[in-house]
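Peer 1: Here it is, the structure in full.
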Amino acid sequence: MAILWDADPTAVQTYRFAIGGQVRPVTTGQLVTRALASDGHELLVVVGPDIDTQSACDLAAQMRLQRPEVGVVLLSRRPAVTILAQALRCGIREVVSADDLTALAAACRRSLELSLALAGTDAGGGIRTGRVVTVFSAKGGVGKTTIATNLGVYLASTGSRVLLVDLDLAFGDVAISLQLAPSRSSSDLVAKSGQLDAQALASAVTRHDSGLDTLCAPERPTDADGIPPSTTAQLLRVAQAMYDFVIVDTPPAFTDHVLAAFDVTDVSILIATMDIPAVKNLRLVLDTLDQLGFPRQSRVVVLNRFDVKAGLKTAHIEAATQQPVAVCIPNSLDVPASINRGVAIVVEDPSHPVSVALRALANDHIRADGATDATNPPASGPRETPPRATRREARLPRRRGER
């Protein structure tokens, strides 16, 4: 969660998307100090352009001594050399033009990365070691949950400690896809918000037969409204100390919960299928992540239900999105059949081409050491690599205003 200090309480509507995650608006310096004292998880304070610069500097100087992991970013209508020098002396991390929301998003991202490095621990007091993998697409029905559950089950089968978080809080399908009957869900963590620790998280997870732990979505869609994004941010930080991998399944939208997940994400698995609407949405997702300042090197584009007869080629998609396709998962009726049986195809049929592609995705792009499972050796997947096509050859729709 971030704090936005601005005399105008409606300023949060302008800056919320650029700051990312959940933003708490406050109007006075006293409220900032009180908020920081009451919640040890705050790592970012964004100071609005109408706040006195000296007041912002006083806050930064105070945080530098009392809580050095808290970053202060100053917005200015006309950044001048004198303001930059003053900010540097007192410990403000960055000064950003109030009109440049892209620069603000990047500054907040850099500040958060530095804060996490300085903190060195998560909300549960442990060393942050786990890798957060967010599976996302702005289009529904592309197979996010199938990929997330299979990745989770496979990584657990290699002996890793894995948590699968269903962040589609209203209509999540992780539980039904794995034939789980959870007695608890993420809504049970709300009462622990602000004091969420490893014990609380462990009490809310459901164990799958593979050894995979799952944090399922609430049973009733109406319960989703009662889960604040701050709870999502806290549980992910705690999970990083408990697990080797945290897989996050998401809804098809940039909700505050999804943005909170992206804030701590190490690998972003971005899914598209072999149709123009899905490719268009993939491009919009990539553009949005650019605007929010999330690093490009963490993104992994996956084509699901790959079929050479679909009329599109990987080169066309790469030309349209300006992002390489990392893995192609072939189309197969065996996948929905495995979902209906409640089993993960990656372990039920390890030699299946879909399983081969999923293991390649996990071993090449998620496991930091690049290790492979000796019991399931990798094989050549259905990767189609024709010469790169031009935008005109791809015949994909251009964005409005693009030449």
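Lettering and numbering for the structure tokens are positional, with chains as A, B, ... in the shown order, residues counted from 1 in each chain, and ligands counted from 1 in the shown order.
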With a distance cut-off of 12 Å and only C-alpha atoms, select the neighbouring residues of Ser193 in chain A, excluding the residue or stretch itself and same-chain residues fewer than 3 positions from it, and output the selection as a VMD selection string.
Peer 2: chain A and resid 1 39 to 41 123 186 to 190 196 to 197 200 to 201 226 to 235 238
Peer 1: I'd like the contact shell of range 148-163 of chain A - 8 Å cut-off, only C-alpha atoms, skipping same-chain residues fewer than 4 positions apart - returned as a list in words.
Peer 2: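 Non-adjacent residues within range: Val135, Lys144, Val174, Ser177, Leu178, Ser210, Gly211, Leu212, Asp213, Thr214, Leu215, Ala239, Met242, Tyr243, Asp244, Phe245, Val246, Ile247, Val248, Asp249, Ala344, Ile345, Val346, Val347, Leu358, Arg359, Ala362 and Asp373 of chain A.
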Peer 1: Can I get the selected residues back with N, CA, C and O atoms, as an mmCIF file, in the first residue's frame?
Peer 2:
```
data_model
loop_
_atom_site.group_PDB
_atom_site.id
_atom_site.type_symbol
_atom_site.label_atom_id
_atom_site.label_comp_id
_atom_site.auth_asym_id
_atom_site.auth_seq_id
_atom_site.Cartn_x
_atom_site.Cartn_y
_atom_site.Cartn_z
ATOM 1 N N VAL A 135 0.166 -15.056 -13.546
ATOM 2 C CA VAL A 135 -0.376 -15.509 -14.833
ATOM 3 C C VAL A 135 -1.531 -14.583 -15.182
ATOM 4 O O VAL A 135 -2.527 -14.508 -14.453
ATOM 5 N N LYS A 144 -5.869 -19.233 -18.448
ATOM 6 C CA LYS A 144 -4.997 -18.804 -17.349
ATOM 7 C C LYS A 144 -4.994 -19.810 -16.203
ATOM 8 O O LYS A 144 -3.940 -20.187 -15.697
ATOM 9 N N VAL A 174 -9.802 -22.165 -9.413
ATOM 10 C CA VAL A 174 -8.706 -23.029 -8.994
ATOM 11 C C VAL A 174 -9.232 -24.232 -8.216
ATOM 12 O O VAL A 174 -8.825 -25.380 -8.463
ATOM 13 N N SER A 177 -11.075 -26.711 -10.488
ATOM 14 C CA SER A 177 -10.183 -27.302 -11.475
ATOM 15 C C SER A 177 -9.342 -28.419 -10.869
ATOM 16 O O SER A 177 -8.974 -29.374 -11.561
ATOM 17 N N LEU A 178 -9.035 -28.305 -9.574
ATOM 18 C CA LEU A 178 -8.245 -29.322 -8.879
ATOM 19 C C LEU A 178 -9.105 -30.222 -8.008
ATOM 20 O O LEU A 178 -8.587 -31.030 -7.232
ATOM 21 N N SER A 210 -0.892 -33.374 -4.777
ATOM 22 C CA SER A 210 0.458 -33.260 -5.333
ATOM 23 C C SER A 210 1.437 -32.612 -4.360
ATOM 24 O O SER A 210 2.641 -32.610 -4.601
ATOM 25 N N GLY A 211 0.929 -32.053 -3.260
ATOM 26 C CA GLY A 211 1.764 -31.295 -2.340
ATOM 27 C C GLY A 211 1.650 -29.802 -2.552
ATOM 28 O O GLY A 211 2.238 -29.016 -1.804
ATOM 29 N N LEU A 212 0.881 -29.405 -3.563
ATOM 30 C CA LEU A 212 0.660 -27.985 -3.845
ATOM 31 C C LEU A 212 -0.288 -27.394 -2.805
ATOM 32 O O LEU A 212 -1.338 -27.960 -2.514
ATOM 33 N N ASP A 213 0.087 -26.244 -2.252
ATOM 34 C CA ASP A 213 -0.814 -25.497 -1.383
ATOM 35 C C ASP A 213 -1.595 -24.494 -2.229
ATOM 36 O O ASP A 213 -1.034 -23.870 -3.139
ATOM 37 N N THR A 214 -2.876 -24.339 -1.932
ATOM 38 C CA THR A 214 -3.709 -23.398 -2.678
ATOM 39 C C THR A 214 -4.402 -22.450 -1.705
ATOM 40 O O THR A 214 -4.849 -22.865 -0.635
ATOM 41 N N LEU A 215 -4.468 -21.192 -2.084
ATOM 42 C CA LEU A 215 -5.287 -20.212 -1.378
ATOM 43 C C LEU A 215 -6.442 -19.892 -2.310
ATOM 44 O O LEU A 215 -6.282 -19.161 -3.291
ATOM 45 N N ALA A 239 3.954 -14.963 1.892
ATOM 46 C CA ALA A 239 4.130 -16.209 1.136
ATOM 47 C C ALA A 239 5.533 -16.334 0.575
ATOM 48 O O ALA A 239 6.060 -17.453 0.462
ATOM 49 N N MET A 242 7.665 -18.175 2.863
ATOM 50 C CA MET A 242 7.242 -19.535 3.187
ATOM 51 C C MET A 242 7.434 -20.506 2.031
ATOM 52 O O MET A 242 7.561 -21.717 2.255
ATOM 53 N N TYR A 243 7.434 -19.997 0.796
ATOM 54 C CA TYR A 243 7.414 -20.873 -0.371
ATOM 55 C C TYR A 243 8.547 -20.539 -1.333
ATOM 56 O O TYR A 243 9.047 -19.417 -1.371
ATOM 57 N N ASP A 244 8.907 -21.557 -2.138
ATOM 58 C CA ASP A 244 9.888 -21.336 -3.206
ATOM 59 C C ASP A 244 9.251 -20.601 -4.377
ATOM 60 O O ASP A 244 9.896 -19.768 -5.024
ATOM 61 N N PHE A 245 7.977 -20.924 -4.655
ATOM 62 C CA PHE A 245 7.261 -20.290 -5.763
ATOM 63 C C PHE A 245 5.844 -19.944 -5.307
ATOM 64 O O PHE A 245 5.189 -20.737 -4.623
ATOM 65 N N VAL A 246 5.396 -18.767 -5.706
ATOM 66 C CA VAL A 246 4.026 -18.337 -5.465
ATOM 67 C C VAL A 246 3.405 -18.056 -6.835
ATOM 68 O O VAL A 246 3.798 -17.094 -7.511
ATOM 69 N N ILE A 247 2.483 -18.915 -7.258
ATOM 70 C CA ILE A 247 1.813 -18.765 -8.553
ATOM 71 C C ILE A 247 0.505 -18.016 -8.317
ATOM 72 O O ILE A 247 -0.296 -18.406 -7.459
ATOM 73 N N VAL A 248 0.261 -16.953 -9.076
ATOM 74 C CA VAL A 248 -0.926 -16.127 -8.897
ATOM 75 C C VAL A 248 -1.801 -16.234 -10.141
ATOM 76 O O VAL A 248 -1.392 -15.831 -11.234
ATOM 77 N N ASP A 249 -2.987 -16.801 -9.970
ATOM 78 C CA ASP A 249 -3.983 -16.822 -11.041
ATOM 79 C C ASP A 249 -4.836 -15.566 -10.914
ATOM 80 O O ASP A 249 -5.187 -15.157 -9.799
ATOM 81 N N ALA A 344 -4.201 -32.622 -13.274
ATOM 82 C CA ALA A 344 -3.287 -31.790 -14.054
ATOM 83 C C ALA A 344 -2.625 -32.653 -15.115
ATOM 84 O O ALA A 344 -1.980 -33.656 -14.794
ATOM 85 N N ILE A 345 -2.779 -32.272 -16.366
ATOM 86 C CA ILE A 345 -2.251 -33.088 -17.455
ATOM 87 C C ILE A 345 -0.740 -33.199 -17.390
ATOM 88 O O ILE A 345 -0.155 -34.190 -17.829
ATOM 89 N N VAL A 346 -0.080 -32.209 -16.801
ATOM 90 C CA VAL A 346 1.375 -32.205 -16.788
ATOM 91 C C VAL A 346 1.945 -33.358 -15.970
ATOM 92 O O VAL A 346 3.071 -33.807 -16.225
ATOM 93 N N VAL A 347 1.189 -33.882 -15.008
ATOM 94 C CA VAL A 347 1.655 -35.042 -14.247
ATOM 95 C C VAL A 347 0.888 -36.302 -14.617
ATOM 96 O O VAL A 347 1.394 -37.407 -14.469
ATOM 97 N N LEU A 358 4.482 -27.116 -21.071
ATOM 98 C CA LEU A 358 4.333 -26.546 -19.736
ATOM 99 C C LEU A 358 5.600 -26.730 -18.912
ATOM 100 O O LEU A 358 6.004 -25.831 -18.165
ATOM 101 N N ARG A 359 6.252 -27.889 -19.033
ATOM 102 C CA ARG A 359 7.514 -28.094 -18.313
ATOM 103 C C ARG A 359 8.596 -27.152 -18.841
ATOM 104 O O ARG A 359 9.411 -26.625 -18.078
ATOM 105 N N ALA A 362 8.038 -23.834 -17.267
ATOM 106 C CA ALA A 362 8.472 -23.802 -15.865
ATOM 107 C C ALA A 362 9.988 -23.842 -15.742
ATOM 108 O O ALA A 362 10.588 -23.059 -14.991
ATOM 109 N N ASP A 373 13.488 -31.475 -14.275
ATOM 110 C CA ASP A 373 13.142 -32.617 -13.456
ATOM 111 C C ASP A 373 13.632 -33.875 -14.151
ATOM 112 O O ASP A 373 13.262 -34.175 -15.278
#
```
Peer 1: Contacts of Pro336 in chain A at 10 Å or less, counting only C-alpha atoms, minus same-chain residues fewer than 4 places along, as a list of chain:residue names?
Peer 2: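 So, after excluding close chain neighbours, the residues are A:Gly143, A:Thr146, A:Ser332, A:Asn340, A:Arg341, A:Gly342, A:Ile345.
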Peer 1: What residues in range 42-185 of chain A get the DSSP label alpha helix (DSSP H)? Please answer as number ranges by chain.
Peer 2: A: 53-66, 81-90, 101-119, 144-157, 174-177
Peer 1: Take the selection from the previous step and output its residues with C-alpha atoms, as a compact mmCIF listing (two decimals), in the first residue's frame.
Peer 2:
```
# COMPACT_ATOMS: atom_id res chain seq x y z
CA THR A 53 8.45 21.34 -0.49
CA GLN A 54 10.01 21.94 2.92
CA SER A 55 7.29 19.84 4.57
CA ALA A 56 8.02 17.02 2.15
CA CYS A 57 11.75 17.32 2.89
CA ASP A 58 11.10 17.23 6.64
CA LEU A 59 9.13 14.01 6.22
CA ALA A 60 11.85 12.43 4.08
CA ALA A 61 14.56 13.39 6.58
CA GLN A 62 12.50 11.89 9.40
CA MET A 63 11.90 8.63 7.50
CA ARG A 64 15.58 8.38 6.57
CA LEU A 65 16.39 8.02 10.27
CA GLN A 66 13.34 6.20 11.61
CA VAL A 81 17.39 22.61 -10.00
CA THR A 82 16.90 24.16 -6.56
CA ILE A 83 14.08 21.71 -5.76
CA LEU A 84 16.15 18.76 -6.96
CA ALA A 85 19.11 19.82 -4.83
CA GLN A 86 16.93 20.32 -1.78
CA ALA A 87 15.26 16.93 -2.30
CA LEU A 88 18.63 15.20 -2.68
CA ARG A 89 19.93 16.63 0.59
CA CYS A 90 16.94 15.50 2.66
CA LEU A 101 2.16 9.72 -15.04
CA THR A 102 4.44 7.30 -16.89
CA ALA A 103 7.48 8.72 -15.10
CA LEU A 104 5.59 8.57 -11.81
CA ALA A 105 4.80 4.88 -12.32
CA ALA A 106 8.46 4.14 -13.06
CA ALA A 107 9.63 6.15 -10.05
CA CYS A 108 7.22 4.33 -7.73
CA ARG A 109 8.38 1.00 -9.11
CA ARG A 110 12.06 1.83 -8.54
CA SER A 111 11.33 3.12 -5.06
CA LEU A 112 9.45 -0.05 -4.14
CA GLU A 113 12.30 -2.27 -5.38
CA LEU A 114 14.78 -0.31 -3.29
CA SER A 115 12.46 -0.44 -0.26
CA LEU A 116 12.13 -4.21 -0.49
CA ALA A 117 15.90 -4.56 -0.79
CA LEU A 118 16.45 -2.33 2.25
CA ALA A 119 13.78 -4.11 4.27
CA LYS A 144 -5.00 -18.80 -17.35
CA THR A 145 -6.28 -21.13 -14.65
CA THR A 146 -5.29 -24.26 -16.58
CA ILE A 147 -1.75 -22.97 -17.01
CA ALA A 148 -1.51 -21.73 -13.42
CA THR A 149 -2.74 -25.00 -11.89
CA ASN A 150 -0.50 -27.14 -14.09
CA LEU A 151 2.54 -25.00 -13.32
CA GLY A 152 1.77 -25.21 -9.62
CA VAL A 153 1.31 -28.98 -9.62
CA TYR A 154 4.44 -29.55 -11.72
CA LEU A 155 6.66 -27.33 -9.57
CA ALA A 156 5.32 -29.05 -6.44
CA SER A 157 6.10 -32.44 -7.98
CA VAL A 174 -8.71 -23.03 -8.99
CA ALA A 175 -10.62 -25.10 -6.43
CA ILE A 176 -12.97 -26.73 -8.94
CA SER A 177 -10.18 -27.30 -11.47
```
Peer 1: Can you tell me, as a PDB file with all heavy atoms, in the first residue's frame, what residues are no more than 10 Å from Asp99 in chain A when counting only C-alpha atoms, ignoring any on the same chain fewer than 6 positions away?
Peer 2:
```
ATOM      1  N   THR A  14      -6.521  10.824  -9.826  1.00  0.00           N
ATOM      2  CA  THR A  14      -5.570  11.138 -10.899  1.00  0.00           C
ATOM      3  C   THR A  14      -4.354  10.233 -10.867  1.00  0.00           C
ATOM      4  O   THR A  14      -3.875   9.779 -11.910  1.00  0.00           O
ATOM      5  CB  THR A  14      -5.122  12.608 -10.786  1.00  0.00           C
ATOM      6  OG1 THR A  14      -6.268  13.459 -10.853  1.00  0.00           O
ATOM      7  CG2 THR A  14      -4.146  12.965 -11.904  1.00  0.00           C
ATOM      8  N   TYR A  15      -3.853   9.946  -9.671  1.00  0.00           N
ATOM      9  CA  TYR A  15      -2.561   9.282  -9.541  1.00  0.00           C
ATOM     10  C   TYR A  15      -2.637   7.805  -9.164  1.00  0.00           C
ATOM     11  O   TYR A  15      -1.622   7.121  -9.206  1.00  0.00           O
ATOM     12  CB  TYR A  15      -1.715  10.006  -8.486  1.00  0.00           C
ATOM     13  CG  TYR A  15      -1.467  11.457  -8.800  1.00  0.00           C
ATOM     14  CD1 TYR A  15      -1.969  12.469  -7.991  1.00  0.00           C
ATOM     15  CD2 TYR A  15      -0.724  11.841  -9.916  1.00  0.00           C
ATOM     16  CE1 TYR A  15      -1.745  13.814  -8.277  1.00  0.00           C
ATOM     17  CE2 TYR A  15      -0.489  13.168 -10.220  1.00  0.00           C
ATOM     18  CZ  TYR A  15      -1.011  14.148  -9.390  1.00  0.00           C
ATOM     19  OH  TYR A  15      -0.791  15.468  -9.675  1.00  0.00           O
ATOM     20  N   PRO A  49       1.866  17.826  -5.686  1.00  0.00           N
ATOM     21  CA  PRO A  49       2.567  19.026  -6.137  1.00  0.00           C
ATOM     22  C   PRO A  49       2.211  20.288  -5.365  1.00  0.00           C
ATOM     23  O   PRO A  49       2.952  21.271  -5.431  1.00  0.00           O
ATOM     24  CB  PRO A  49       2.156  19.138  -7.608  1.00  0.00           C
ATOM     25  CG  PRO A  49       0.823  18.451  -7.682  1.00  0.00           C
ATOM     26  CD  PRO A  49       0.901  17.329  -6.699  1.00  0.00           C
ATOM     27  N   LEU A  75       6.087  15.010  -6.216  1.00  0.00           N
ATOM     28  CA  LEU A  75       5.539  15.517  -7.462  1.00  0.00           C
ATOM     29  C   LEU A  75       5.705  17.032  -7.500  1.00  0.00           C
ATOM     30  O   LEU A  75       5.472  17.721  -6.496  1.00  0.00           O
ATOM     31  CB  LEU A  75       4.057  15.167  -7.584  1.00  0.00           C
ATOM     32  CG  LEU A  75       3.720  13.678  -7.722  1.00  0.00           C
ATOM     33  CD1 LEU A  75       2.214  13.463  -7.666  1.00  0.00           C
ATOM     34  CD2 LEU A  75       4.283  13.120  -9.009  1.00  0.00           C
ATOM     35  N   SER A  76       6.109  17.552  -8.650  1.00  0.00           N
ATOM     36  CA  SER A  76       6.325  18.993  -8.788  1.00  0.00           C
ATOM     37  C   SER A  76       5.757  19.462 -10.120  1.00  0.00           C
ATOM     38  O   SER A  76       5.851  18.753 -11.126  1.00  0.00           O
ATOM     39  CB  SER A  76       7.816  19.319  -8.709  1.00  0.00           C
ATOM     40  OG  SER A  76       8.052  20.692  -8.925  1.00  0.00           O
ATOM     41  N   ARG A  77       5.160  20.625 -10.116  1.00  0.00           N
ATOM     42  CA  ARG A  77       4.603  21.158 -11.366  1.00  0.00           C
ATOM     43  C   ARG A  77       5.704  21.644 -12.300  1.00  0.00           C
ATOM     44  O   ARG A  77       5.602  21.527 -13.510  1.00  0.00           O
ATOM     45  CB  ARG A  77       3.621  22.284 -11.063  1.00  0.00           C
ATOM     46  CG  ARG A  77       2.446  21.823 -10.183  1.00  0.00           C
ATOM     47  CD  ARG A  77       1.252  22.725 -10.344  1.00  0.00           C
ATOM     48  NE  ARG A  77       0.190  22.339  -9.415  1.00  0.00           N
ATOM     49  CZ  ARG A  77      -0.644  21.333  -9.604  1.00  0.00           C
ATOM     50  NH1 ARG A  77      -0.550  20.611 -10.710  1.00  0.00           N
ATOM     51  NH2 ARG A  77      -1.574  21.050  -8.716  1.00  0.00           N
ATOM     52  N   ARG A  78       6.760  22.188 -11.745  1.00  0.00           N
ATOM     53  CA  ARG A  78       7.899  22.625 -12.550  1.00  0.00           C
ATOM     54  C   ARG A  78       9.185  22.273 -11.801  1.00  0.00           C
ATOM     55  O   ARG A  78       9.750  23.113 -11.082  1.00  0.00           O
ATOM     56  CB  ARG A  78       7.843  24.128 -12.825  1.00  0.00           C
ATOM     57  CG  ARG A  78       6.736  24.539 -13.784  1.00  0.00           C
ATOM     58  CD  ARG A  78       6.865  26.009 -14.187  1.00  0.00           C
ATOM     59  NE  ARG A  78       6.727  26.873 -13.018  1.00  0.00           N
ATOM     60  CZ  ARG A  78       5.570  27.328 -12.572  1.00  0.00           C
ATOM     61  NH1 ARG A  78       4.454  26.976 -13.171  1.00  0.00           N
ATOM     62  NH2 ARG A  78       5.524  28.131 -11.518  1.00  0.00           N
TER      63      ARG A  78
END
```
Peer 1: Of the residues A:Pro330, A:Pro324, A:Pro182, A:Gly130, which is the one nearest to Thr265 in chain A, using only C-alpha atoms?
Peer 2: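 Looking at the shortest contact to Thr265 in chain A, the residue is A:Gly130.
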Peer 1: Set the distance at 6 Å and use only C-alpha atoms: which residues neighbour Leu292 in chain A once local chain neighbours fewer than 2 positions away are removed? I'd like the list as a PyMOL selection string.
Peer 2: chain A and resi 18+105+289-290+294
Peer 1: With all heavy atoms retained, write the just-selected residues as a CSV table (one decimal), in the first residue's frame.
Peer 2:
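Below is the file that was written, part_2.csv:
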```csv
chain,number,residue,atom,x,y,z
A,18,ALA,N,-1.2,5.2,-11.7
A,18,ALA,CA,0.3,5.3,-11.9
A,18,ALA,C,1.0,4.8,-10.6
A,18,ALA,O,2.1,4.1,-10.8
A,18,ALA,CB,0.7,6.7,-12.2
A,105,ALA,N,4.9,6.3,-12.5
A,105,ALA,CA,4.8,4.9,-12.3
A,105,ALA,C,6.2,4.2,-12.2
A,105,ALA,O,6.4,3.4,-11.4
A,105,ALA,CB,4.0,4.3,-13.5
A,289,LEU,N,1.6,-2.3,-19.0
A,289,LEU,CA,2.8,-2.6,-18.1
A,289,LEU,C,3.9,-1.6,-18.4
A,289,LEU,O,4.6,-1.2,-17.4
A,289,LEU,CB,3.2,-4.0,-18.4
A,289,LEU,CG,2.2,-5.1,-17.9
A,289,LEU,CD1,2.7,-6.5,-18.3
A,289,LEU,CD2,1.9,-5.0,-16.4
A,290,ASP,N,4.1,-1.2,-19.6
A,290,ASP,CA,5.1,-0.2,-19.9
A,290,ASP,C,4.8,1.1,-19.2
A,290,ASP,O,5.7,1.7,-18.6
A,290,ASP,CB,5.2,0.0,-21.4
A,290,ASP,CG,6.0,-1.1,-22.2
A,290,ASP,OD1,6.8,-1.8,-21.5
A,290,ASP,OD2,5.8,-1.2,-23.4
A,294,PHE,N,6.6,-1.4,-15.2
A,294,PHE,CA,7.1,-2.8,-14.8
A,294,PHE,C,8.1,-3.2,-15.8
A,294,PHE,O,8.0,-3.0,-17.0
A,294,PHE,CB,5.9,-3.7,-14.8
A,294,PHE,CG,4.9,-3.4,-13.7
A,294,PHE,CD1,3.6,-3.0,-14.0
A,294,PHE,CD2,5.3,-3.7,-12.4
A,294,PHE,CE1,2.7,-2.7,-12.9
A,294,PHE,CE2,4.4,-3.4,-11.3
A,294,PHE,CZ,3.1,-2.9,-11.6
```
Peer 1: Could you give me the residues within range 180-293 of chain A that DSSP places in strand (DSSP E or B), as a list of chain:residue names?
Peer 2: A:Thr206, A:Arg207, A:Asp213, A:Thr214, A:Leu215, A:Phe245, A:Val246, A:Ile247, A:Val248, A:Asp249, A:Val267, A:Ser268, A:Ile269, A:Leu270, A:Ile271, A:Ala272
Peer 1: I want to know what sits within 12 Å of Ala37 in chain A, based on only C-alpha atoms, with residues of the same chain fewer than 5 positions away left out; could you give that as a ChimeraX atom specification?
Peer 2: /A:30-32,42-43,63,66-67,70,194
Peer 1: Those residues with N, CA, C and O atoms, as an mmCIF file, in the first residue's frame please?
Peer 2:
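Below is the file that was written, again_0.cif:
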```
data_model
loop_
_atom_site.group_PDB
_atom_site.id
_atom_site.type_symbol
_atom_site.label_atom_id
_atom_site.label_comp_id
_atom_site.auth_asym_id
_atom_site.auth_seq_id
_atom_site.Cartn_x
_atom_site.Cartn_y
_atom_site.Cartn_z
ATOM 1 N N GLN A 30 0.541 15.325 9.469
ATOM 2 C CA GLN A 30 0.267 14.564 10.685
ATOM 3 C C GLN A 30 -0.397 13.229 10.366
ATOM 4 O O GLN A 30 -0.083 12.204 10.987
ATOM 5 N N LEU A 31 -1.300 13.235 9.393
ATOM 6 C CA LEU A 31 -1.957 11.995 9.000
ATOM 7 C C LEU A 31 -0.981 11.034 8.331
ATOM 8 O O LEU A 31 -1.095 9.812 8.481
ATOM 9 N N VAL A 32 -0.007 11.572 7.606
ATOM 10 C CA VAL A 32 1.030 10.719 7.013
ATOM 11 C C VAL A 32 1.819 10.022 8.111
ATOM 12 O O VAL A 32 2.029 8.805 8.087
ATOM 13 N N GLU A 42 3.737 -0.010 5.086
ATOM 14 C CA GLU A 42 3.814 1.099 4.137
ATOM 15 C C GLU A 42 5.262 1.304 3.714
ATOM 16 O O GLU A 42 6.157 1.447 4.551
ATOM 17 N N LEU A 43 5.501 1.328 2.396
ATOM 18 C CA LEU A 43 6.860 1.483 1.892
ATOM 19 C C LEU A 43 7.014 2.670 0.954
ATOM 20 O O LEU A 43 8.125 2.930 0.487
ATOM 21 N N MET A 63 11.966 10.034 7.896
ATOM 22 C CA MET A 63 11.903 8.630 7.503
ATOM 23 C C MET A 63 13.288 8.044 7.280
ATOM 24 O O MET A 63 13.519 6.860 7.523
ATOM 25 N N GLN A 66 14.223 7.098 10.872
ATOM 26 C CA GLN A 66 13.343 6.195 11.605
ATOM 27 C C GLN A 66 12.964 4.942 10.826
ATOM 28 O O GLN A 66 12.921 3.844 11.384
ATOM 29 N N ARG A 67 12.664 5.104 9.528
ATOM 30 C CA ARG A 67 12.275 3.968 8.697
ATOM 31 C C ARG A 67 12.901 4.132 7.315
ATOM 32 O O ARG A 67 12.253 4.569 6.365
ATOM 33 N N VAL A 70 11.239 3.227 3.866
ATOM 34 C CA VAL A 70 10.118 3.988 3.302
ATOM 35 C C VAL A 70 10.656 5.007 2.296
ATOM 36 O O VAL A 70 11.519 5.814 2.622
ATOM 37 N N GLY A 194 -2.929 -6.410 8.346
ATOM 38 C CA GLY A 194 -2.056 -5.574 9.158
ATOM 39 C C GLY A 194 -1.210 -6.367 10.115
ATOM 40 O O GLY A 194 -0.157 -5.896 10.556
#
```
Peer 1: So how far away is CA of Val302 in chain A from CA of Thr321 in chain A, in Å?
Peer 2: 12.4 Å
Peer 1: Measuring between only C-alpha atoms, which one of A:Asp173, A:Asp168, A:Asp52, A:Asp263 shows the shortest distance to Gln22 in chain A?
Peer 2: A:Asp263
Peer 1: Just want the 7 Å neighbourhood of Val45 in chain A, counted on only C-alpha atoms, with same-chain residues fewer than 5 positions away dropped. Output as a list in words.
Peer 2: Ala2, Ile3, Leu4, Gly71, Val72 and Val73 of chain A
